[in-house]
Every structure is written in structure tokens, then in C-alpha cells.
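coords_21.cif follows; it contains mmCIF, C-alpha atoms.
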data_model
loop_
_atom_site.group_PDB
_atom_site.id
_atom_site.type_symbol
_atom_site.label_atom_id
_atom_site.label_comp_id
_atom_site.auth_asym_id
_atom_site.auth_seq_id
_atom_site.Cartn_x
_atom_site.Cartn_y
_atom_site.Cartn_z
ATOM 1 C CA MET A 1 -12.100 -4.268 -20.361
ATOM 2 C CA LYS A 2 -15.567 -3.000 -21.166
ATOM 3 C CA HIS A 3 -17.752 -5.286 -19.050
ATOM 4 C CA ILE A 4 -16.198 -6.377 -15.781
ATOM 5 C CA SER A 5 -17.722 -9.113 -13.641
ATOM 6 C CA LEU A 6 -20.590 -7.523 -11.713
ATOM 7 C CA LEU A 7 -19.429 -9.042 -8.450
ATOM 8 C CA TRP A 8 -16.101 -7.225 -8.632
ATOM 9 C CA VAL A 9 -17.556 -3.865 -9.580
ATOM 10 C CA ALA A 10 -20.366 -4.111 -7.047
ATOM 11 C CA ALA A 11 -17.943 -4.978 -4.277
ATOM 12 C CA LEU A 12 -15.724 -2.012 -5.061
ATOM 13 C CA LEU A 13 -18.631 0.390 -5.409
ATOM 14 C CA MET A 14 -20.445 -0.757 -2.270
ATOM 15 C CA PHE A 15 -17.556 -1.279 0.089
ATOM 16 C CA GLY A 16 -14.799 0.955 -1.310
ATOM 17 C CA ALA A 17 -11.246 0.267 -2.308
ATOM 18 C CA PHE A 18 -10.199 -0.400 1.294
ATOM 19 C CA ALA A 19 -13.192 -2.295 2.644
ATOM 20 C CA PHE A 20 -10.840 -4.499 4.645
ATOM 21 C CA HIS A 21 -10.577 -2.380 7.802
ATOM 22 C CA VAL A 22 -7.252 -0.569 7.610
ATOM 23 C CA PHE A 23 -4.893 0.831 10.184
ATOM 24 C CA ILE A 24 -1.468 2.458 9.844
ATOM 25 C CA ARG A 25 1.642 0.831 11.252
ATOM 26 C CA GLU A 26 4.537 2.808 12.715
ATOM 27 C CA ASP A 27 6.460 2.438 9.447
ATOM 28 C CA GLY A 28 3.569 4.034 7.552
ATOM 29 C CA ARG A 29 2.408 0.813 5.917
ATOM 30 C CA GLN A 30 -1.313 0.154 5.714
ATOM 31 C CA GLU A 31 -2.453 -3.177 7.111
ATOM 32 C CA PRO A 32 -5.876 -4.820 7.230
ATOM 33 C CA GLN A 33 -7.596 -5.860 10.415
ATOM 34 C CA TYR A 34 -9.244 -9.236 10.132
ATOM 35 C CA GLU A 35 -12.717 -10.385 10.987
ATOM 36 C CA GLU A 36 -14.415 -13.771 10.933
ATOM 37 C CA ARG A 37 -12.744 -16.961 9.742
ATOM 38 C CA SER A 38 -14.448 -19.188 7.183
ATOM 39 C CA GLU A 39 -14.025 -22.946 7.201
ATOM 40 C CA ARG A 40 -15.349 -23.302 3.643
ATOM 41 C CA PHE A 41 -12.496 -24.978 1.790
ATOM 42 C CA GLN A 42 -12.696 -26.519 -1.665
ATOM 43 C CA GLU A 43 -11.103 -29.890 -2.298
ATOM 44 C CA SER A 44 -8.458 -29.206 -4.917
ATOM 45 C CA ALA A 45 -5.889 -32.002 -4.890
ATOM 46 C CA SER A 46 -7.470 -33.613 -7.950
ATOM 47 C CA TRP A 47 -7.886 -30.430 -10.005
ATOM 48 C CA THR A 48 -6.530 -30.692 -13.538
ATOM 49 C CA THR A 49 -7.426 -27.062 -14.278
ATOM 50 C CA ILE A 50 -9.103 -24.368 -12.234
ATOM 51 C CA PRO A 51 -12.778 -25.408 -11.697
ATOM 52 C CA ASP A 52 -15.763 -23.724 -13.363
ATOM 53 C CA SER A 53 -17.197 -22.810 -9.959
ATOM 54 C CA VAL A 54 -14.096 -20.746 -9.193
ATOM 55 C CA ILE A 55 -13.977 -19.133 -12.630
ATOM 56 C CA GLU A 56 -17.575 -17.955 -12.253
ATOM 57 C CA LEU A 57 -16.530 -15.744 -9.340
ATOM 58 C CA CYS A 58 -13.011 -14.639 -10.182
ATOM 59 C CA MET A 59 -12.944 -14.313 -13.978
ATOM 60 C CA PRO A 60 -13.595 -10.894 -15.570
ATOM 61 C CA ALA A 61 -15.884 -10.611 -18.594
ATOM 62 C CA PRO A 62 -14.484 -11.061 -22.134
ATOM 63 C CA LEU A 63 -12.495 -8.206 -23.622
ATOM 64 C CA LYS A 64 -13.902 -6.612 -26.764
ATOM 65 C CA LYS A 65 -11.178 -4.307 -28.058
ATOM 66 C CA THR A 66 -8.126 -6.022 -26.622
ATOM 67 C CA PRO A 67 -6.608 -9.268 -27.970
ATOM 68 C CA GLU A 68 -6.975 -12.160 -25.591
ATOM 69 C CA ILE A 69 -6.523 -15.892 -25.434
ATOM 70 C CA ILE A 70 -8.074 -17.506 -22.351
ATOM 71 C CA LEU A 71 -5.968 -20.266 -20.804
ATOM 72 C CA ARG A 72 -7.015 -22.335 -17.801
ATOM 73 C CA LYS A 73 -4.159 -23.531 -15.652
ATOM 74 C CA LYS A 74 -4.021 -25.718 -12.568
ATOM 75 C CA SER A 75 -4.682 -22.864 -10.151
ATOM 76 C CA TYR A 76 -5.458 -19.793 -12.252
ATOM 77 C CA VAL A 77 -7.091 -18.531 -15.423
ATOM 78 C CA VAL A 78 -5.291 -16.018 -17.620
ATOM 79 C CA SER A 79 -6.236 -13.654 -20.423
ATOM 80 C CA TYR A 80 -3.155 -13.588 -22.655
ATOM 81 C CA ASN A 81 -2.476 -10.685 -25.019
ATOM 82 C CA GLN A 82 -0.619 -11.760 -28.152
ATOM 83 C CA ASP A 83 0.242 -8.141 -29.014
ATOM 84 C CA THR A 84 1.918 -7.285 -25.698
ATOM 85 C CA ARG A 85 3.280 -10.835 -25.102
ATOM 86 C CA MET A 86 2.015 -10.729 -21.519
ATOM 87 C CA PRO A 87 -1.262 -11.289 -19.656
ATOM 88 C CA ASN A 88 -4.126 -8.799 -19.696
ATOM 89 C CA TRP A 89 -5.070 -10.223 -16.314
ATOM 90 C CA VAL A 90 -4.651 -13.338 -14.165
ATOM 91 C CA ALA A 91 -7.408 -14.502 -11.790
ATOM 92 C CA TRP A 92 -7.531 -17.177 -9.115
ATOM 93 C CA GLN A 93 -9.112 -18.329 -5.878
ATOM 94 C CA LEU A 94 -6.807 -18.492 -2.887
ATOM 95 C CA THR A 95 -8.021 -20.721 -0.063
ATOM 96 C CA ALA A 96 -6.522 -21.085 3.397
ATOM 97 C CA GLU A 97 -5.257 -24.557 2.530
ATOM 98 C CA HIS A 98 -3.420 -23.188 -0.522
ATOM 99 C CA THR A 99 -1.455 -20.612 1.457
ATOM 100 C CA ASP A 100 1.158 -23.162 2.438
ATOM 101 C CA GLY A 101 2.541 -26.489 1.310
ATOM 102 C CA GLU A 102 5.548 -28.785 1.216
ATOM 103 C CA LEU A 103 6.775 -27.751 -2.227
ATOM 104 C CA LYS A 104 9.643 -25.320 -2.562
ATOM 105 C CA ARG A 105 9.930 -22.617 -5.204
ATOM 106 C CA MET A 106 10.993 -24.193 -8.525
ATOM 107 C CA ASN A 107 12.370 -21.162 -10.410
ATOM 108 C CA ASN A 108 11.780 -22.996 -13.686
ATOM 109 C CA PHE A 109 10.488 -20.167 -15.853
ATOM 110 C CA HIS A 110 9.421 -21.469 -19.245
ATOM 111 C CA GLU A 111 7.693 -20.498 -22.474
ATOM 112 C CA GLU A 112 3.957 -21.091 -22.735
ATOM 113 C CA GLU A 113 3.531 -23.589 -25.573
ATOM 114 C CA ASN A 114 -0.213 -22.920 -25.757
ATOM 115 C CA CYS A 115 0.434 -19.337 -26.918
ATOM 116 C CA PRO A 116 1.128 -18.645 -30.608
ATOM 117 C CA ARG A 117 4.484 -17.247 -31.718
ATOM 118 C CA PRO A 118 5.839 -14.652 -31.342
ATOM 119 C CA ARG A 119 5.577 -15.018 -27.582
ATOM 120 C CA ALA A 120 7.658 -14.209 -24.526
ATOM 121 C CA THR A 121 10.797 -16.288 -24.101
ATOM 122 C CA LEU A 122 13.539 -16.476 -21.492
ATOM 123 C CA GLN A 123 15.841 -14.712 -23.956
ATOM 124 C CA ASP A 124 13.592 -11.646 -23.915
ATOM 125 C CA TYR A 125 14.271 -11.093 -20.216
ATOM 126 C CA LYS A 126 17.986 -11.883 -20.314
ATOM 127 C CA GLY A 127 20.000 -8.720 -19.732
ATOM 128 C CA SER A 128 16.873 -6.560 -20.021
ATOM 129 C CA GLY A 129 17.168 -4.984 -16.585
ATOM 130 C CA TRP A 130 13.629 -6.157 -15.743
ATOM 131 C CA SER A 131 12.703 -9.047 -13.468
ATOM 132 C CA ARG A 132 10.164 -11.737 -14.298
ATOM 133 C CA GLY A 133 7.290 -10.646 -12.096
ATOM 134 C CA HIS A 134 4.666 -13.238 -11.176
ATOM 135 C CA MET A 135 1.011 -12.296 -11.310
ATOM 136 C CA CYS A 136 -0.263 -15.449 -9.556
ATOM 137 C CA PRO A 137 2.687 -15.940 -7.175
ATOM 138 C CA ALA A 138 4.647 -19.120 -6.599
ATOM 139 C CA GLY A 139 3.875 -18.726 -2.895
ATOM 140 C CA ASP A 140 0.188 -19.398 -3.621
ATOM 141 C CA ASN A 141 1.018 -22.679 -5.371
ATOM 142 C CA LYS A 142 3.035 -24.768 -2.924
ATOM 143 C CA TRP A 143 0.104 -27.189 -2.626
ATOM 144 C CA SER A 144 0.621 -28.846 -6.041
ATOM 145 C CA ARG A 145 3.625 -29.603 -8.231
ATOM 146 C CA ASP A 146 1.601 -28.883 -11.383
ATOM 147 C CA ALA A 147 0.321 -25.618 -9.925
ATOM 148 C CA MET A 148 3.849 -24.568 -8.979
ATOM 149 C CA TYR A 149 5.078 -25.395 -12.486
ATOM 150 C CA ASP A 150 2.249 -23.433 -14.094
ATOM 151 C CA SER A 151 3.027 -20.397 -11.970
ATOM 152 C CA PHE A 152 6.396 -20.131 -13.740
ATOM 153 C CA SER A 153 4.882 -20.058 -17.219
ATOM 154 C CA LEU A 154 5.741 -16.769 -18.921
ATOM 155 C CA VAL A 155 2.025 -16.335 -19.586
ATOM 156 C CA ASN A 156 1.798 -15.547 -15.854
ATOM 157 C CA VAL A 157 4.707 -13.101 -15.922
ATOM 158 C CA CYS A 158 5.291 -9.423 -16.753
ATOM 159 C CA PRO A 159 8.471 -7.329 -16.905
ATOM 160 C CA GLN A 160 8.641 -5.866 -13.413
ATOM 161 C CA ASP A 161 11.057 -3.655 -11.544
ATOM 162 C CA SER A 162 13.140 -5.913 -9.315
ATOM 163 C CA LYS A 163 12.721 -3.750 -6.203
ATOM 164 C CA LEU A 164 8.959 -3.623 -6.704
ATOM 165 C CA ASN A 165 8.950 -7.401 -7.226
ATOM 166 C CA SER A 166 10.772 -8.092 -3.962
ATOM 167 C CA GLY A 167 9.218 -5.185 -2.078
ATOM 168 C CA VAL A 168 5.655 -3.868 -2.190
ATOM 169 C CA TRP A 169 4.398 -6.467 -4.706
ATOM 170 C CA ASN A 170 5.743 -9.300 -2.575
ATOM 171 C CA SER A 171 4.203 -7.721 0.532
ATOM 172 C CA LEU A 172 0.815 -7.571 -1.185
ATOM 173 C CA GLU A 173 1.135 -11.267 -2.021
ATOM 174 C CA MET A 174 1.870 -12.108 1.601
ATOM 175 C CA ASP A 175 -1.062 -9.987 2.753
ATOM 176 C CA CYS A 176 -3.370 -11.882 0.385
ATOM 177 C CA ARG A 177 -2.243 -15.160 1.926
ATOM 178 C CA GLN A 178 -2.925 -13.760 5.403
ATOM 179 C CA TRP A 179 -6.420 -12.684 4.327
ATOM 180 C CA ALA A 180 -7.067 -16.156 2.890
ATOM 181 C CA ARG A 181 -5.993 -17.767 6.176
ATOM 182 C CA GLN A 182 -8.179 -15.431 8.162
ATOM 183 C CA TYR A 183 -11.312 -15.567 5.992
ATOM 184 C CA GLY A 184 -10.915 -19.044 4.488
ATOM 185 C CA GLU A 185 -10.876 -17.904 0.860
ATOM 186 C CA VAL A 186 -10.423 -14.823 -1.310
ATOM 187 C CA TYR A 187 -10.592 -14.159 -5.035
ATOM 188 C CA ILE A 188 -7.808 -12.238 -6.732
ATOM 189 C CA VAL A 189 -7.400 -10.532 -10.109
ATOM 190 C CA CYS A 190 -4.237 -8.697 -11.072
ATOM 191 C CA GLY A 191 -2.364 -7.617 -14.150
ATOM 192 C CA PRO A 192 -0.429 -4.907 -15.973
ATOM 193 C CA VAL A 193 -1.578 -1.330 -16.549
ATOM 194 C CA LEU A 194 -0.603 0.419 -19.795
ATOM 195 C CA MET A 195 -0.775 4.188 -19.393
ATOM 196 C CA LYS A 196 1.022 5.407 -22.510
ATOM 197 C CA ARG A 197 0.548 5.073 -26.268
ATOM 198 C CA GLN A 198 4.175 4.062 -26.733
ATOM 199 C CA HIS A 199 5.712 1.473 -24.438
ATOM 200 C CA GLU A 200 9.184 0.214 -23.704
ATOM 201 C CA THR A 201 9.726 -3.323 -24.961
ATOM 202 C CA ILE A 202 12.332 -5.959 -24.192
ATOM 203 C CA GLY A 203 13.957 -8.748 -26.186
ATOM 204 C CA PRO A 204 13.633 -9.943 -29.753
ATOM 205 C CA ASN A 205 9.923 -10.666 -29.239
ATOM 206 C CA LYS A 206 9.257 -7.108 -28.007
ATOM 207 C CA VAL A 207 7.556 -7.947 -24.727
ATOM 208 C CA VAL A 208 5.839 -4.767 -23.514
ATOM 209 C CA VAL A 209 6.927 -3.247 -20.198
ATOM 210 C CA PRO A 210 3.853 -1.985 -18.281
ATOM 211 C CA GLU A 211 3.866 1.356 -16.506
ATOM 212 C CA ALA A 212 1.998 -0.032 -13.483
ATOM 213 C CA PHE A 213 0.111 -3.031 -12.069
ATOM 214 C CA PHE A 214 -3.316 -3.440 -10.500
ATOM 215 C CA LYS A 215 -4.508 -5.947 -7.930
ATOM 216 C CA VAL A 216 -8.067 -6.483 -6.673
ATOM 217 C CA VAL A 217 -8.990 -8.850 -3.845
ATOM 218 C CA LEU A 218 -12.572 -9.903 -3.169
ATOM 219 C CA CYS A 219 -13.887 -11.784 -0.141
ATOM 220 C CA MET A 220 -17.466 -13.097 -0.234
ATOM 221 C CA VAL A 221 -17.392 -14.599 3.268
ATOM 222 C CA GLY A 222 -19.892 -12.811 5.481
ATOM 223 C CA LYS A 223 -20.335 -9.224 4.364
ATOM 224 C CA PRO A 224 -18.568 -8.851 0.987
ATOM 225 C CA LYS A 225 -15.264 -7.006 1.219
ATOM 226 C CA ALA A 226 -12.930 -5.713 -1.493
ATOM 227 C CA PHE A 227 -9.460 -4.230 -1.687
ATOM 228 C CA GLY A 228 -7.804 -2.743 -4.759
ATOM 229 C CA VAL A 229 -4.593 -0.878 -5.564
ATOM 230 C CA VAL A 230 -2.492 0.336 -8.478
ATOM 231 C CA VAL A 231 1.305 0.325 -8.074
ATOM 232 C CA ARG A 232 3.797 2.048 -10.348
ATOM 233 C CA ASN A 233 6.328 -0.227 -12.023
ATOM 234 C CA ASN A 234 9.426 1.445 -10.607
ATOM 235 C CA GLU A 235 11.894 1.099 -7.781
ATOM 236 C CA GLY A 236 10.478 4.113 -5.968
ATOM 237 C CA THR A 237 7.136 2.455 -5.243
ATOM 238 C CA LYS A 238 6.393 2.670 -1.526
ATOM 239 C CA TRP A 239 3.370 1.807 0.593
ATOM 240 C CA SER A 240 2.598 5.489 0.970
ATOM 241 C CA ARG A 241 2.324 5.812 -2.822
ATOM 242 C CA LEU A 242 -0.198 3.059 -3.445
ATOM 243 C CA LEU A 243 -3.270 4.297 -5.293
ATOM 244 C CA PRO A 244 -6.659 3.069 -4.023
ATOM 245 C CA LEU A 245 -8.438 1.377 -6.907
ATOM 246 C CA SER A 246 -12.054 2.429 -7.444
ATOM 247 C CA ALA A 247 -14.420 0.512 -9.721
ATOM 248 C CA ARG A 248 -14.019 3.198 -12.378
ATOM 249 C CA ARG A 249 -10.226 3.066 -12.221
ATOM 250 C CA TYR A 250 -10.374 -0.750 -12.249
ATOM 251 C CA ARG A 251 -12.333 -0.716 -15.501
ATOM 252 C CA LYS A 252 -9.928 1.814 -17.005
ATOM 253 C CA SER A 253 -6.902 -0.206 -15.879
ATOM 254 C CA CYS A 254 -8.324 -3.248 -17.614
ATOM 255 C CA GLY A 255 -8.946 -1.413 -20.867
ATOM 256 C CA GLY A 256 -12.605 -0.477 -20.336
#

Render the structure in this file as C-alpha cells.
Amino acid sequence: MKHISLLWVAALLMFGAFAFHVFIREDGRQEPQYEERSERFQESASWTTIPDSVIELCMPAPLKKTPEIILRKKSYVVSYNQDTRMPNWVAWQLTAEHTDGELKRMNNFHEEENCPRPRATLQDYKGSGWSRGHMCPAGDNKWSRDAMYDSFSLVNVCPQDSKLNSGVWNSLEMDCRQWARQYGEVYIVCGPVLMKRQHETIGPNKVVVPEAFFKVVLCMVGKPKAFGVVVRNNEGTKWSRLLPLSARRYRKSCGG
């Protein structure tokens, strides 16, 4: 991605990859310490797609050398890559009120009809040895049935190591929800990282398997704060092996 949203880059440059104050737990895991709580919540029950006001803050700039189709869902916006059959990135706002809800996980993964064929299908993942890893997690979408359904679209999914999916990646998702509860709202962008010229693919539609994933979290409440990491897409990923994500590495991860 050649031109990233200035807010994201500025936050990472000014406040560093770990601008949320960090301390080390006994198990070696890094955890943020929280500051002030914001009460600024956006009314979202009537959203049909993610609002323009949210997109202005959380959406990266258009890609110039990478295929993309922009799709606006109930709770997130996604840049879909027709060549890799997976997202370039997924971005969303997570508010305190969206961190919980009455809906249970649906587990209804489905094809994205708004993407041209060939596209990722359930058959591609069957017997592949890779899990269907959410970018915008189901746990962030318990507040709306439509949002929960959209989170299981394969446009929001990448082939992901199952232990990473249920381990560090899941822990990062839970941390993001804790930050949203503490601060009132955060903005999140995440997606796959392709490090090699040749990539493993799965299924008849040749869905690309990424070598890693990035996640950047931005909080604009009070003094702007940012947090970014890159995690390898393998079962050996541990908290001690997370790579802090600088603005330069963020741009490179996104194709810039």
C-alpha cells in the first residue's frame, strides 16, 4: 500500500509501536496498562453498512499496484484481492458497546457473492490443514445479527494456522475488546502479510496462504495512542516472538 492514511502513520511514528503503556506478566506476555475511559459511543443499531464517519478514520488509502475491491459491510470495510482470494486488509471501529452482546457465534462461513469468481469457497478450506481465520472477529460482532453474519463471509477470512487462530491471534482480539471498553473506542486494521514471491495455495480456487499477519490499533481518545504487531502464520508463534510494527514496516506489510 503506497499511501497509508496519515492518521495511522502519524500515530505510529509519534507514539511508537507500543504506545499503549506495556508491562510484562509472569508468563512473559506483554499487556497494556489502561488510562482514561471515553464515553463517546456511536449509535449503531440502525447501521446498514459501516458509516462514512468511521471509514474516514479507519480506512487505509487506495492501493495502486495491488488488486482490490472495496466492500462495505455492517461493521467493517474490506479491501478484497481477487488474485489472492483473500483480503488485503480489513478495517473497523470497535466501540465499548460492541464488545459484548446477546448473540452467540454463528459459525456459518459462506462465500462472498459480491466478489467475482474465482473466489474463496468452503471447499477450498476443506481438508487443507488451515483454519478459517477471521480478520474482524466474530467476538466484535455480537451486537447485530447482520454484523455477525458478515463476519463469517470468506472475504473476511484468511488461511491461518489453527494454533495461532486459537492462541496469540485470539488473545490480541480479546485485548482489543479490553482496550475498547477502557477507552470507549478504538480503530483497527489487520490483514495478511505476503513475504515470498511464491506462496502456498489451498483448494481448487488457489487461495493464497499468507506467511504472517499484521494488526494495528489506533485510539484517538485523549492523547493518540497506537499499537502494532506482525505475527508469523505458524503454530510456533508466541507472545515473545511478536514483532513490533513500525510505520515503515506497516507500509511494507500492506504492499507499499

Can you check which parts of stretch 177-233 of chain A lie within 7 Å of stretch 149-173 of chain A? Per residue, the shortest pair of atoms and distance in Å to one decimal, counting all atoms listed in the file, sorted by chain and number, as a tab-separated table.
residue	atom	partner	partner_atom	distance
A:Arg177	CA	A:Glu173	CA	6.5
A:Val209	CA	A:Pro159	CA	5.5
A:Asn233	CA	A:Asp161	CA	5.9

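Atom pair atom CA of A:Cys219 / atom CA of A:Leu94 has a distance of 10.1 Å (rounded to one decimal).
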
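One distance worth recording is that between atom CA of A:Val231 and atom CA of A:Gly129, which is 18.8 Å.
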
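Going from atom CA of A:Lys196 to atom CA of A:Cys176 covers 29.0 Å.
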
Applied to the shown file, which residues does the PyMOL selection byres ((chain A and resi 100-106) around 12) return, written as a ChimeraX atom specification? /A:45,94-99,107-110,137-153,174,177-178,180-181

Across A:Ser79, A:Gln123, A:Gln93, A:Asn114, the smallest distance to A:Asn205, with all atoms listed in the file counted, is shown by A:Gln123

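Of the listed residues (A:Leu218, A:Met195, A:Ala120, A:Ile202), A:Ala120 comes nearest to A:Arg85; the distances count all atoms listed in the file.
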
Residues matched by the PyMOL selection byres ((chain A and resi 86) around 12) as a VMD selection string: chain A and resid 67 to 69 78 to 85 87 to 90 111 to 112 115 118 to 121 124 132 to 135 153 to 160 191 to 194 201 to 202 205 to 210

Assuming 8 Å of padding per side, give the centre and edge lengths of the axis-aligned box around every listed atom of stretch 77-88 of chain A, in Å to one decimal and as lines of an AutoDock Vina configuration file.
center_x = -1.9
center_y = -12.9
center_z = -22.2
size_x = 26.4
size_y = 27.2
size_z = 29.6

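Nearest-residue note for A:Gly228: choosing from A:Val216, A:Val189, A:Ala91, A:Ile70, the minimum distance belongs to A:Val216, counting all atoms listed in the file.
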